[in-house]
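Structure file upload_31.txt (compact mmCIF, C-alpha atoms) is printed below.
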```txt
# COMPACT_ATOMS: atom_id res chain seq x y z
CA MET Z 1372 75.39 -16.97 -63.28
CA ASN Z 1373 71.90 -16.13 -64.45
CA VAL Z 1374 68.54 -17.11 -63.02
CA ALA Z 1375 65.10 -17.32 -64.59
CA ILE Z 1376 62.19 -16.93 -62.20
CA CYS Z 1377 58.91 -18.39 -63.43
CA GLU Z 1378 56.19 -15.74 -63.39
CA TYR Z 1379 52.77 -17.32 -63.41
CA GLY Z 1380 50.69 -15.15 -61.10
CA ALA Z 1381 51.33 -17.15 -57.97
CA GLY Z 1382 54.80 -16.32 -56.82
CA ASN Z 1383 56.56 -13.80 -54.63
CA VAL Z 1384 58.71 -13.15 -57.68
CA ARG Z 1385 60.14 -9.88 -56.45
CA SER Z 1386 61.35 -11.30 -53.12
CA VAL Z 1387 63.07 -14.14 -54.94
CA GLU Z 1388 64.61 -11.76 -57.47
CA LEU Z 1389 65.94 -9.46 -54.73
CA ALA Z 1390 67.51 -12.41 -52.90
CA PHE Z 1391 69.37 -13.62 -56.01
CA ARG Z 1392 70.36 -10.09 -56.99
CA ARG Z 1393 72.02 -9.65 -53.58
CA LEU Z 1394 74.13 -12.70 -54.44
CA GLY Z 1395 75.20 -11.13 -57.73
CA ALA Z 1396 73.08 -13.31 -60.00
CA GLU Z 1397 71.49 -11.80 -63.09
CA ARG Z 1398 67.80 -12.33 -63.80
CA VAL Z 1399 66.87 -13.49 -67.30
CA ASP Z 1400 63.53 -14.42 -68.88
CA ASP Z 1401 64.51 -17.65 -70.65
CA VAL Z 1402 63.23 -20.46 -68.40
CA ARG Z 1403 64.64 -23.11 -70.75
CA GLY Z 1404 68.09 -21.63 -71.17
CA ALA Z 1405 68.98 -20.03 -67.82
CA ASP Z 1406 71.70 -21.51 -65.60
CA LEU Z 1407 69.06 -21.96 -62.91
CA ALA Z 1408 65.27 -21.84 -63.13
CA VAL Z 1409 63.31 -20.99 -59.99
CA LEU Z 1410 59.71 -22.01 -59.47
CA PRO Z 1411 58.55 -19.79 -56.62
CA GLY Z 1412 55.24 -20.38 -54.96
CA VAL Z 1413 52.90 -18.36 -52.86
CA GLY Z 1414 49.29 -19.12 -53.54
CA SER Z 1415 46.80 -21.90 -53.93
CA ALA Z 1416 47.62 -25.00 -55.94
CA ARG Z 1417 44.82 -24.93 -58.50
CA ALA Z 1418 45.31 -21.29 -59.50
CA ALA Z 1419 49.06 -21.88 -59.62
CA MET Z 1420 48.86 -24.94 -61.92
CA GLU Z 1421 46.49 -23.06 -64.22
CA GLY Z 1422 48.99 -20.21 -64.30
CA LEU Z 1423 51.86 -22.58 -65.09
CA ARG Z 1424 49.95 -24.10 -68.01
CA ALA Z 1425 48.78 -20.73 -69.34
CA SER Z 1426 52.33 -19.37 -69.28
CA GLY Z 1427 53.86 -22.49 -70.86
CA HIS Z 1428 56.30 -22.80 -67.97
CA ASP Z 1429 55.02 -26.31 -67.26
CA GLU Z 1430 56.50 -27.64 -70.51
CA ALA Z 1431 59.67 -25.58 -70.15
CA LEU Z 1432 60.27 -27.02 -66.68
CA ARG Z 1433 59.63 -30.60 -67.82
CA GLU Z 1434 62.15 -30.13 -70.63
CA ARG Z 1435 64.72 -28.68 -68.25
CA PHE Z 1436 64.25 -31.53 -65.81
CA ALA Z 1437 64.58 -34.15 -68.55
CA ALA Z 1438 67.77 -32.45 -69.75
CA GLY Z 1439 69.23 -32.42 -66.22
CA ARG Z 1440 69.28 -28.64 -65.98
CA PRO Z 1441 68.91 -27.27 -62.43
CA ILE Z 1442 65.55 -26.16 -61.04
CA LEU Z 1443 64.81 -24.76 -57.58
CA GLY Z 1444 61.23 -25.08 -56.32
CA ILE Z 1445 60.27 -23.01 -53.29
CA CYS Z 1446 57.31 -23.83 -50.99
CA LEU Z 1447 54.31 -24.33 -53.31
CA GLY Z 1448 56.90 -24.60 -56.11
CA LEU Z 1449 58.21 -27.76 -54.44
CA GLN Z 1450 54.70 -29.15 -54.03
CA LEU Z 1451 53.77 -28.46 -57.66
CA ALA Z 1452 56.74 -30.54 -58.81
CA LEU Z 1453 55.17 -33.65 -57.24
CA GLU Z 1454 52.61 -35.90 -58.90
CA GLU Z 1455 49.66 -34.37 -57.10
CA THR Z 1456 48.46 -32.32 -54.14
CA GLU Z 1457 45.45 -32.70 -51.87
CA GLU Z 1458 44.89 -28.95 -51.95
CA ASP Z 1459 41.74 -27.51 -53.57
CA GLY Z 1460 40.08 -30.93 -53.72
CA GLY Z 1461 43.01 -32.56 -55.52
CA VAL Z 1462 45.21 -31.07 -58.24
CA ALA Z 1463 47.66 -32.85 -60.57
CA GLY Z 1464 51.20 -31.49 -60.34
CA LEU Z 1465 54.08 -31.40 -62.81
CA GLY Z 1466 55.07 -34.94 -61.87
CA LEU Z 1467 58.81 -34.30 -61.95
CA LEU Z 1468 59.18 -36.16 -58.65
CA PRO Z 1469 57.24 -39.07 -57.13
CA GLY Z 1470 55.01 -38.20 -54.20
CA ARG Z 1471 52.18 -35.92 -53.19
CA ALA Z 1472 51.48 -32.90 -51.01
CA VAL Z 1473 49.17 -33.55 -48.09
CA ARG Z 1474 47.53 -31.26 -45.58
CA LEU Z 1475 49.47 -30.73 -42.35
CA ARG Z 1476 48.05 -32.37 -39.26
CA GLY Z 1477 48.48 -31.06 -35.73
CA GLY Z 1478 49.65 -27.70 -34.51
CA ARG Z 1479 48.33 -24.39 -35.81
CA ILE Z 1480 47.71 -24.32 -39.55
CA PRO Z 1481 49.00 -22.54 -41.60
CA ARG Z 1482 52.36 -23.42 -40.05
CA ILE Z 1483 53.97 -20.00 -40.01
CA GLY Z 1484 57.33 -19.05 -38.58
CA TRP Z 1485 60.96 -20.00 -38.21
CA ALA Z 1486 61.79 -23.63 -37.50
CA GLU Z 1487 64.94 -25.69 -37.29
CA VAL Z 1488 65.94 -27.75 -40.34
CA ASP Z 1489 68.08 -30.77 -39.38
CA GLY Z 1490 70.58 -28.79 -37.30
CA ARG Z 1491 71.31 -26.35 -40.13
CA GLY Z 1492 69.66 -23.45 -38.33
CA ALA Z 1493 66.18 -21.94 -38.47
CA PHE Z 1494 64.43 -21.10 -41.73
CA TYR Z 1495 61.11 -19.39 -42.40
CA PHE Z 1496 58.08 -21.54 -43.27
CA ALA Z 1497 54.54 -20.51 -44.26
CA HIS Z 1498 52.48 -23.49 -45.42
CA SER Z 1499 49.41 -25.64 -44.87
CA TYR Z 1500 50.53 -28.63 -47.02
CA ALA Z 1501 53.76 -30.60 -47.11
CA ALA Z 1502 55.38 -33.22 -49.32
CA GLU Z 1503 55.26 -36.98 -48.82
CA THR Z 1504 57.97 -38.29 -51.12
CA PRO Z 1505 60.85 -40.78 -51.22
CA CYS Z 1506 63.05 -37.88 -52.41
CA ALA Z 1507 63.15 -36.06 -49.04
CA THR Z 1508 66.60 -34.95 -47.95
CA ALA Z 1509 65.87 -32.79 -44.89
CA TRP Z 1510 63.14 -32.48 -42.28
CA SER Z 1511 61.81 -29.87 -39.88
CA GLU Z 1512 59.76 -31.07 -36.90
CA GLY Z 1513 58.96 -34.27 -38.78
CA ILE Z 1514 57.85 -32.36 -41.89
CA VAL Z 1515 59.67 -32.65 -45.23
CA ALA Z 1516 61.77 -29.49 -45.53
CA GLU Z 1517 63.86 -30.31 -48.61
CA VAL Z 1518 63.69 -32.70 -51.57
CA ARG Z 1519 66.24 -33.56 -54.24
CA ASP Z 1520 65.94 -35.65 -57.35
CA GLY Z 1521 68.24 -35.29 -60.30
CA ALA Z 1522 68.36 -31.65 -61.29
CA PHE Z 1523 65.49 -30.64 -59.02
CA LEU Z 1524 66.00 -29.14 -55.58
CA GLY Z 1525 62.93 -28.17 -53.59
CA CYS Z 1526 62.67 -26.44 -50.24
CA GLN Z 1527 59.49 -26.12 -48.22
CA PHE Z 1528 60.92 -23.11 -46.37
CA HIS Z 1529 61.52 -19.72 -47.97
CA PRO Z 1530 65.29 -19.15 -48.29
CA GLU Z 1531 64.59 -15.72 -49.81
CA LYS Z 1532 62.89 -14.77 -46.53
CA SER Z 1533 65.20 -16.54 -44.09
CA GLY Z 1534 67.71 -13.78 -43.41
CA PRO Z 1535 71.43 -14.68 -43.39
CA ALA Z 1536 70.71 -18.44 -43.13
CA GLY Z 1537 68.58 -18.30 -46.28
CA SER Z 1538 71.13 -16.22 -48.10
CA ARG Z 1539 73.85 -18.78 -47.33
CA TYR Z 1540 71.56 -21.56 -48.55
CA LEU Z 1541 71.01 -19.83 -51.90
CA GLU Z 1542 74.68 -18.95 -52.20
CA ALA Z 1543 75.67 -22.59 -51.72
CA LEU Z 1544 73.16 -23.53 -54.41
CA CYS Z 1545 74.57 -20.96 -56.83
CA LEU Z 1546 78.14 -22.09 -56.18
CA SER Z 1547 77.26 -25.73 -56.77
CA ARG Z 1548 75.54 -24.96 -60.08
CA VAL Z 1549 78.11 -22.78 -61.83
CA MET M 775 55.54 -25.68 -33.62
CA PRO M 776 57.73 -22.99 -35.16
CA LEU M 777 59.59 -20.67 -32.79
CA PRO M 778 57.73 -17.74 -31.22
CA ARG M 779 58.20 -14.62 -33.35
CA LEU M 780 59.18 -11.04 -32.56
CA ILE M 781 57.64 -8.69 -35.12
CA PRO M 782 58.43 -4.97 -35.22
CA CYS M 783 55.52 -2.93 -36.57
CA LEU M 784 55.76 0.22 -38.65
CA ASP M 785 52.56 2.24 -38.33
CA VAL M 786 52.86 4.68 -41.19
CA ALA M 787 51.05 7.98 -41.79
CA GLY M 788 52.09 10.63 -44.27
CA GLY M 789 55.07 8.52 -45.32
CA ARG M 790 56.53 8.49 -41.78
CA VAL M 791 56.47 5.94 -38.98
CA VAL M 792 54.19 7.19 -36.20
CA LYS M 793 53.22 5.93 -32.78
CA GLY M 794 50.59 7.05 -30.31
CA VAL M 795 48.87 5.81 -27.20
CA ARG M 796 45.54 4.01 -27.63
CA PHE M 797 45.62 5.09 -31.32
CA GLN M 798 45.67 8.79 -30.27
CA GLY M 799 48.32 11.53 -30.31
CA LEU M 800 50.39 10.06 -33.15
CA ARG M 801 53.95 11.36 -33.18
CA ASP M 802 56.70 10.96 -35.75
CA VAL M 803 59.27 8.34 -34.79
CA GLY M 804 61.24 7.84 -37.98
CA ASP M 805 61.68 6.92 -41.62
CA PRO M 806 60.01 3.63 -42.59
CA VAL M 807 62.72 2.53 -45.02
CA GLU M 808 65.54 3.14 -42.55
CA LEU M 809 63.65 1.61 -39.61
CA GLY M 810 62.61 -1.41 -41.66
CA ALA M 811 66.19 -2.08 -42.73
CA ALA M 812 67.42 -1.59 -39.16
CA TYR M 813 64.94 -4.17 -37.88
CA SER M 814 65.84 -6.65 -40.59
CA ASP M 815 69.53 -6.26 -39.71
CA ALA M 816 68.79 -6.52 -35.97
CA GLY M 817 67.30 -9.99 -36.49
CA ALA M 818 63.56 -9.34 -36.58
CA ASP M 819 61.58 -12.49 -37.39
CA GLU M 820 59.18 -10.54 -39.63
CA LEU M 821 58.17 -6.97 -40.31
CA VAL M 822 54.66 -5.51 -40.38
CA PHE M 823 53.78 -2.28 -42.19
CA LEU M 824 50.38 -0.72 -41.52
CA ASP M 825 49.30 2.37 -43.45
CA VAL M 826 47.09 3.63 -40.63
CA LYS M 827 45.56 6.49 -42.62
CA ALA M 828 44.76 4.71 -45.89
CA THR M 829 41.17 3.74 -45.04
CA LEU M 830 40.40 7.08 -43.38
CA ASP M 831 41.78 8.95 -46.39
CA GLY M 832 39.86 6.67 -48.76
CA ARG M 833 42.98 5.66 -50.67
CA ARG M 834 45.04 2.56 -51.18
CA THR M 835 48.33 1.62 -49.51
CA LEU M 836 51.55 3.45 -50.34
CA VAL M 837 52.78 0.89 -52.87
CA GLU M 838 55.93 2.75 -53.82
CA LEU M 839 56.98 3.00 -50.18
CA VAL M 840 56.28 -0.71 -49.71
CA ARG M 841 58.51 -1.40 -52.72
CA ARG M 842 61.38 0.64 -51.25
CA ILE M 843 61.12 -1.08 -47.86
CA ALA M 844 60.96 -4.56 -49.42
CA GLU M 845 64.17 -3.83 -51.31
CA ARG M 846 66.03 -3.77 -48.00
CA LEU M 847 64.45 -6.82 -46.33
CA ALA M 848 65.46 -10.48 -46.20
CA ILE M 849 62.64 -11.40 -43.83
CA PRO M 850 58.87 -11.87 -44.26
CA PHE M 851 56.93 -8.66 -44.82
CA THR M 852 53.24 -8.12 -44.03
CA VAL M 853 51.52 -5.02 -45.39
CA GLY M 854 48.11 -3.64 -44.47
CA GLY M 855 46.00 -0.52 -44.68
CA GLY M 856 43.50 0.25 -47.41
CA VAL M 857 43.40 -3.25 -48.95
CA ARG M 858 39.90 -3.52 -50.42
CA GLY M 859 40.19 -6.18 -53.09
CA VAL M 860 42.26 -8.95 -54.64
CA GLY M 861 43.80 -6.44 -57.06
CA ASP M 862 45.15 -4.30 -54.19
CA ALA M 863 46.62 -7.39 -52.55
CA GLU M 864 48.28 -8.61 -55.74
CA GLU M 865 49.80 -5.19 -56.29
CA LEU M 866 51.32 -5.26 -52.79
CA LEU M 867 52.70 -8.77 -53.30
CA ALA M 868 54.21 -7.69 -56.59
CA ALA M 869 55.84 -4.79 -54.73
CA GLY M 870 57.52 -7.24 -52.35
CA ALA M 871 55.00 -7.95 -49.59
CA ASP M 872 54.62 -11.60 -48.55
CA LYS M 873 51.29 -11.27 -46.75
CA VAL M 874 48.51 -8.73 -46.73
CA ALA M 875 46.60 -7.63 -43.65
CA VAL M 876 42.96 -6.63 -43.98
CA ASN M 877 40.84 -4.95 -41.36
CA SER M 878 38.02 -2.51 -42.19
CA ALA M 879 37.31 -3.88 -45.66
CA ALA M 880 36.88 -7.42 -44.29
CA LEU M 881 34.48 -6.16 -41.62
CA GLU M 882 32.39 -4.46 -44.30
CA ARG M 883 32.57 -7.42 -46.67
CA PRO M 884 33.78 -10.63 -45.01
CA GLU M 885 33.80 -12.54 -48.35
CA LEU M 886 36.93 -10.55 -49.18
CA LEU M 887 38.89 -12.94 -46.94
CA THR M 888 37.75 -15.93 -49.01
CA GLU M 889 38.57 -14.19 -52.28
CA LEU M 890 42.06 -13.36 -51.04
CA ALA M 891 42.67 -16.88 -49.70
CA GLU M 892 41.57 -18.52 -52.96
CA ARG M 893 43.94 -16.34 -54.92
CA LEU M 894 46.92 -15.95 -52.56
CA GLY M 895 46.57 -18.92 -50.22
CA SER M 896 45.55 -18.56 -46.56
CA GLN M 897 49.17 -18.25 -45.46
CA ALA M 898 49.29 -14.82 -47.13
CA VAL M 899 46.05 -13.48 -45.61
CA VAL M 900 46.15 -11.83 -42.20
CA VAL M 901 43.03 -10.50 -40.54
CA ALA M 902 43.90 -7.48 -38.41
CA ILE M 903 41.50 -6.93 -35.53
CA ASP M 904 41.49 -3.80 -33.37
CA ALA M 905 39.56 -4.38 -30.14
CA GLU M 906 38.48 -2.18 -27.26
CA GLY M 907 36.79 -3.77 -24.28
CA GLY M 908 36.64 -7.02 -26.26
CA LEU M 909 34.66 -5.39 -29.09
CA VAL M 910 35.95 -4.79 -32.60
CA ARG M 911 36.45 -1.27 -33.92
CA SER M 912 37.10 -0.48 -37.58
CA ARG M 913 38.58 2.40 -39.55
CA ALA M 914 41.76 2.73 -37.46
CA GLY M 915 39.78 2.41 -34.24
CA THR M 916 37.39 5.25 -35.02
CA ALA M 917 34.20 3.26 -35.66
CA PRO M 918 32.48 0.74 -33.38
CA THR M 919 31.18 -2.42 -35.07
CA GLY M 920 29.42 -4.12 -32.15
CA ARG M 921 31.11 -7.39 -33.05
CA GLU M 922 32.89 -9.44 -30.40
CA ALA M 923 36.57 -9.87 -31.16
CA VAL M 924 36.55 -13.61 -30.40
CA ALA M 925 33.54 -14.27 -32.66
CA TRP M 926 34.99 -12.17 -35.49
CA ALA M 927 38.35 -13.94 -35.27
CA ARG M 928 36.59 -17.28 -35.56
CA GLU M 929 34.50 -16.13 -38.52
CA ALA M 930 37.55 -14.64 -40.25
CA GLU M 931 39.38 -17.94 -39.85
CA SER M 932 36.47 -19.89 -41.31
CA ARG M 933 36.42 -17.51 -44.29
CA GLY M 934 40.08 -18.04 -45.09
CA ALA M 935 42.29 -15.84 -42.91
CA GLY M 936 45.53 -17.68 -42.13
CA GLU M 937 46.65 -15.51 -39.25
CA VAL M 938 45.10 -13.13 -36.71
CA LEU M 939 46.84 -9.87 -35.81
CA LEU M 940 45.04 -8.83 -32.63
CA THR M 941 45.61 -5.30 -31.34
CA SER M 942 44.21 -4.23 -28.00
CA ILE M 943 43.38 -0.54 -28.31
CA ASP M 944 43.17 -0.40 -24.50
CA ALA M 945 46.80 -1.51 -24.22
CA ASP M 946 48.24 0.15 -27.37
CA GLY M 947 51.24 2.35 -26.65
CA THR M 948 50.81 2.16 -22.85
CA ARG M 949 53.81 -0.14 -22.25
CA ASN M 950 51.77 -1.72 -19.44
CA GLY M 951 51.70 -5.20 -20.94
CA TYR M 952 49.63 -7.03 -23.55
CA ASP M 953 45.95 -7.75 -23.05
CA LEU M 954 46.52 -11.36 -22.09
CA SER M 955 42.91 -12.31 -21.39
CA LEU M 956 41.66 -11.10 -24.78
CA THR M 957 44.67 -12.58 -26.61
CA GLY M 958 44.24 -15.88 -24.81
CA ALA M 959 40.52 -15.98 -25.61
CA VAL M 960 41.13 -15.37 -29.32
CA ALA M 961 44.04 -17.84 -29.48
CA GLY M 962 41.84 -20.42 -27.81
CA ALA M 963 39.04 -19.87 -30.31
CA VAL M 964 41.03 -20.27 -33.55
CA ASP M 965 43.50 -22.80 -34.95
CA VAL M 966 45.52 -20.30 -37.01
CA PRO M 967 48.49 -18.44 -35.49
CA VAL M 968 47.74 -15.33 -33.42
CA ILE M 969 49.97 -12.25 -33.20
CA ALA M 970 49.55 -10.30 -29.95
CA SER M 971 49.74 -6.53 -30.33
CA GLY M 972 49.61 -3.53 -28.04
CA GLY M 973 51.22 -2.84 -24.69
CA ALA M 974 54.78 -4.19 -24.75
CA GLY M 975 56.93 -2.41 -22.18
CA GLY M 976 59.62 -4.99 -21.48
CA ALA M 977 60.78 -8.57 -21.89
CA ARG M 978 58.45 -9.91 -19.20
CA HIS M 979 55.41 -8.57 -21.09
CA VAL M 980 56.58 -10.15 -24.31
CA ALA M 981 57.29 -13.45 -22.58
CA ASP M 982 53.78 -13.44 -21.11
CA ALA M 983 52.24 -12.70 -24.52
CA LEU M 984 54.19 -15.54 -26.13
CA GLU M 985 52.68 -17.93 -23.57
CA VAL M 986 49.29 -17.43 -25.22
CA ALA M 987 50.12 -16.19 -28.75
CA GLN M 988 52.51 -17.36 -31.47
CA ALA M 989 54.06 -13.96 -32.10
CA ALA M 990 54.39 -10.56 -30.45
CA LEU M 991 54.16 -7.24 -32.26
CA LEU M 992 56.53 -4.54 -31.04
CA ALA M 993 56.48 -0.82 -31.75
CA SER M 994 56.86 1.80 -29.00
CA ILE M 995 59.67 0.03 -27.15
CA LEU M 996 61.77 -0.40 -30.29
CA HIS M 997 61.44 2.67 -32.47
CA GLU M 998 63.75 4.88 -30.43
CA ASP M 999 66.42 2.20 -30.49
CA PRO M 1000 66.07 -0.67 -33.02
CA GLU M 1001 69.08 -2.38 -31.44
CA ARG M 1002 66.82 -2.96 -28.43
CA LEU M 1003 65.56 -5.94 -30.42
CA VAL M 1004 68.90 -7.69 -29.91
CA SER M 1005 68.96 -7.22 -26.13
CA LEU M 1006 65.26 -8.07 -25.89
CA ARG M 1007 65.94 -11.40 -27.57
CA ALA M 1008 68.67 -12.17 -25.03
CA GLU M 1009 66.40 -11.18 -22.13
CA LEU M 1010 63.66 -13.44 -23.48
CA ARG M 1011 66.03 -16.38 -23.69
CA ASP M 1012 67.02 -15.73 -20.07
CA LEU M 1013 63.32 -15.90 -19.22
CA GLY M 1014 63.17 -19.31 -20.90
CA VAL M 1015 61.43 -18.23 -24.12
CA ALA M 1016 62.81 -20.18 -27.09
CA VAL M 1017 63.04 -17.26 -29.53
CA ARG M 1018 65.20 -17.66 -32.61
CA TRP M 1019 68.89 -17.17 -32.02
CA SER M 1020 69.88 -15.19 -35.09
```
Write the structure described by the file as structure tokens, please.
Amino acid sequence: MNVAICEYGAGNVRSVELAFRRLGAERVDDVRGADLAVLPGVGSARAAMEGLRASGHDEALRERFAAGRPILGICLGLQLALEETEEDGGVAGLGLLPGRAVRLRGGRIPRIGWAEVDGRGAFYFAHSYAAETPCATAWSEGIVAEVRDGAFLGCQFHPEKSGPAGSRYLEALCLSRV
Amino acid sequence: MPLPRLIPCLDVAGGRVVKGVRFQGLRDVGDPVELGAAYSDAGADELVFLDVKATLDGRRTLVELVRRIAERLAIPFTVGGGVRGVGDAEELLAAGADKVAVNSAALERPELLTELAERLGSQAVVVAIDAEGGLVRSRAGTAPTGREAVAWAREAESRGAGEVLLTSIDADGTRNGYDLSLTGAVAGAVDVPVIASGGAGGARHVADALEVAQAALLASILHEDPERLVSLRAELRDLGVAVRWS
């Protein structure tokens, strides 16, 4: 299978690419046509949305979603798929999924480290905001860890940084999408 | 709260991993690419790479080496040493780092932390603090700043740092235990996670550090035998510390 990774100045693109390459996937540039499009996310919401618009990936992702073609959003990539986020004084998202990203409350913030996801093992998180959405499909310590809606799968954790558990997660995704 | 983290640290000089005692008498302990891969395979929760000579040599971090290490990792990777601007940080992230650590440059120009956080997000910005007698030293421990470590940690947090990597120069490399009073004081003063560094000699020391900090940096006790990380994890669980079971 082939994977397009959105480059928009706010992603750990190389880490994501290395993780998929280890699984035998080929990286391609065509966000519209790839078997899977990945929206990575490390950064702040406003700069990221500006980058998505400037690169044209925002439209490409909306088209993919409407056509039912698979998209994986990671961390900020999940949050940007929602209608809006509280970050940076409020930023409109892509609106693929209902819901919004809100600032975490309680505990040390950013929430950084490995945490259990619904009995599936521990995955690596690094975030200050989290989704509030009816599309949640997994939780970690009461925080939305995964969302699914149609062709969109989002994970708040970083599977590309979660060792063998993360690798298995991505492998299962690849197998389900080919 | 996420699980307490065990973080091997590669202090790199001249392309090799080095380790000294109280930042002095650095000796060669191995190849950074091989050691990094060994730690990733042994179940490290993260890896830290510090180019300890970059600032002193007036150059930037060894980006190509960072790239080669990242190639072998499936865990989070923090890189520091010689980061002076947003451009340096972006270059490291593009090479495969997930977070950047800043030390001397942030002491000289604290706004750097805000610039990095606005661009990369706070979760990718680590302030590294080297302290001796509770006071901050810069330039790989060679220059006194007169700042109190607790006050600087608090200021760095307010300016955008998302994590504090606190190294006690007094404890570094001694294997006599972490500086628990300083680590506890800093952890009590900030709301971001704190990584304790300097002094690990055995599981009990690490367990004590994880009582007050969210993560423990490990160097001297691991470099001769990276597999020690596996037994250390088991010893910590026996001591009742809920480290990740990888």
Write out as a PDB file with C-alpha atoms, in the frame of the given file the residues lying within 12 Å of Ala1497 in chain Z, counting all atoms listed in the file and excluding same-chain residues fewer than 2 positions away.
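Wrote it out as result-v8.pdb, contents follow:
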```
ATOM      1  CA  GLY Z1412      55.240 -20.380 -54.960  1.00  0.00           C
ATOM      2  CA  VAL Z1413      52.900 -18.360 -52.860  1.00  0.00           C
ATOM      3  CA  GLY Z1414      49.290 -19.120 -53.540  1.00  0.00           C
ATOM      4  CA  ILE Z1445      60.270 -23.010 -53.290  1.00  0.00           C
ATOM      5  CA  CYS Z1446      57.310 -23.830 -50.990  1.00  0.00           C
ATOM      6  CA  LEU Z1447      54.310 -24.330 -53.310  1.00  0.00           C
ATOM      7  CA  LEU Z1475      49.470 -30.730 -42.350  1.00  0.00           C
ATOM      8  CA  ARG Z1479      48.330 -24.390 -35.810  1.00  0.00           C
ATOM      9  CA  ILE Z1480      47.710 -24.320 -39.550  1.00  0.00           C
ATOM     10  CA  PRO Z1481      49.000 -22.540 -41.600  1.00  0.00           C
ATOM     11  CA  ARG Z1482      52.360 -23.420 -40.050  1.00  0.00           C
ATOM     12  CA  ILE Z1483      53.970 -20.000 -40.010  1.00  0.00           C
ATOM     13  CA  GLY Z1484      57.330 -19.050 -38.580  1.00  0.00           C
ATOM     14  CA  TRP Z1485      60.960 -20.000 -38.210  1.00  0.00           C
ATOM     15  CA  ALA Z1486      61.790 -23.630 -37.500  1.00  0.00           C
ATOM     16  CA  PHE Z1494      64.430 -21.100 -41.730  1.00  0.00           C
ATOM     17  CA  TYR Z1495      61.110 -19.390 -42.400  1.00  0.00           C
ATOM     18  CA  SER Z1499      49.410 -25.640 -44.870  1.00  0.00           C
ATOM     19  CA  TYR Z1500      50.530 -28.630 -47.020  1.00  0.00           C
ATOM     20  CA  ALA Z1501      53.760 -30.600 -47.110  1.00  0.00           C
ATOM     21  CA  ALA Z1516      61.770 -29.490 -45.530  1.00  0.00           C
ATOM     22  CA  CYS Z1526      62.670 -26.440 -50.240  1.00  0.00           C
ATOM     23  CA  GLN Z1527      59.490 -26.120 -48.220  1.00  0.00           C
ATOM     24  CA  PHE Z1528      60.920 -23.110 -46.370  1.00  0.00           C
ATOM     25  CA  HIS Z1529      61.520 -19.720 -47.970  1.00  0.00           C
ATOM     26  CA  PRO Z1530      65.290 -19.150 -48.290  1.00  0.00           C
ATOM     27  CA  LYS Z1532      62.890 -14.770 -46.530  1.00  0.00           C
ATOM     28  CA  SER Z1533      65.200 -16.540 -44.090  1.00  0.00           C
TER      29      SER Z1533
ATOM     30  CA  MET M 775      55.540 -25.680 -33.620  1.00  0.00           C
ATOM     31  CA  PRO M 776      57.730 -22.990 -35.160  1.00  0.00           C
ATOM     32  CA  GLU M 820      59.180 -10.540 -39.630  1.00  0.00           C
ATOM     33  CA  PRO M 850      58.870 -11.870 -44.260  1.00  0.00           C
ATOM     34  CA  ASP M 872      54.620 -11.600 -48.550  1.00  0.00           C
ATOM     35  CA  LYS M 873      51.290 -11.270 -46.750  1.00  0.00           C
ATOM     36  CA  GLY M 895      46.570 -18.920 -50.220  1.00  0.00           C
ATOM     37  CA  SER M 896      45.550 -18.560 -46.560  1.00  0.00           C
ATOM     38  CA  GLN M 897      49.170 -18.250 -45.460  1.00  0.00           C
ATOM     39  CA  ALA M 898      49.290 -14.820 -47.130  1.00  0.00           C
ATOM     40  CA  VAL M 899      46.050 -13.480 -45.610  1.00  0.00           C
ATOM     41  CA  GLY M 936      45.530 -17.680 -42.130  1.00  0.00           C
ATOM     42  CA  GLU M 937      46.650 -15.510 -39.250  1.00  0.00           C
ATOM     43  CA  VAL M 966      45.520 -20.300 -37.010  1.00  0.00           C
ATOM     44  CA  PRO M 967      48.490 -18.440 -35.490  1.00  0.00           C
TER      45      PRO M 967
END
```
Self-check item: Surrounding residues of Asp982 in chain M excluding itself and chain neighbours under 5 positions, 9 Å, all atoms listed in the file, as a list in words
Solution: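 Here the answer would be Gly951, Tyr952, Leu954, Ala977 and Ala987 of chain M.
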Practice problem: Kindly indicate which residue among Z:Met1372, Z:Ala1390, Z:Val1518, Z:Ala1431 lies nearest to chain M, using all atoms listed in the file for the distances. | Solution: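 Going through Z:Met1372, Z:Ala1390, Z:Val1518, Z:Ala1431 one by one, the smallest distance to chain M is for Z:Ala1390.
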Using the file's own x, y and z axes, so that the box edges lie along x, y and z, what centre and edge lengths in Å (one decimal) does a box around every listed atom of range 940-946 of chain M get when 8 Å is added on each side? Give it as lines of an AutoDock Vina configuration file.
```
center_x = 45.7
center_y = -4.3
center_z = -28.4
size_x = 21.1
size_y = 25.0
size_z = 24.4
```
Exercise. Using all atoms listed in the file, find all polymer residues with an atom at most 10 Å away from the point (60.4, -33.2, -38.3); report them as a list of chain:residue names.
Key: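 These residues have at least one counted atom within 10 Å: Z:Ala1486, Z:Glu1487, Z:Val1488, Z:Asp1489, Z:Ala1509, Z:Trp1510, Z:Ser1511, Z:Glu1512, Z:Gly1513, Z:Ile1514, Z:Val1515, Z:Ala1516.
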Self-check item: Coordinates-based distance that separates CA of Leu1389 in chain Z from CA of Leu1453 in chain Z (Å, one decimal)
Solution: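 One can read the CA of Leu1453 in chain Z to CA of Leu1389 in chain Z distance as 26.6 Å.
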Practice problem: Counting only C-alpha atoms, note down every residue that has an atom within 12 Å of the point (60.5, -33.2, -69.8) (file coordinates), as a list in words. | Solution: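 Residues close enough to count: Arg1403, His1428, Asp1429, Glu1430, Ala1431, Leu1432, Arg1433, Glu1434, Arg1435, Phe1436, Ala1437, Ala1438, Gly1439, Arg1440, Ala1452, Leu1465, Gly1466, Leu1467, Leu1468 and Ala1522 of chain Z.
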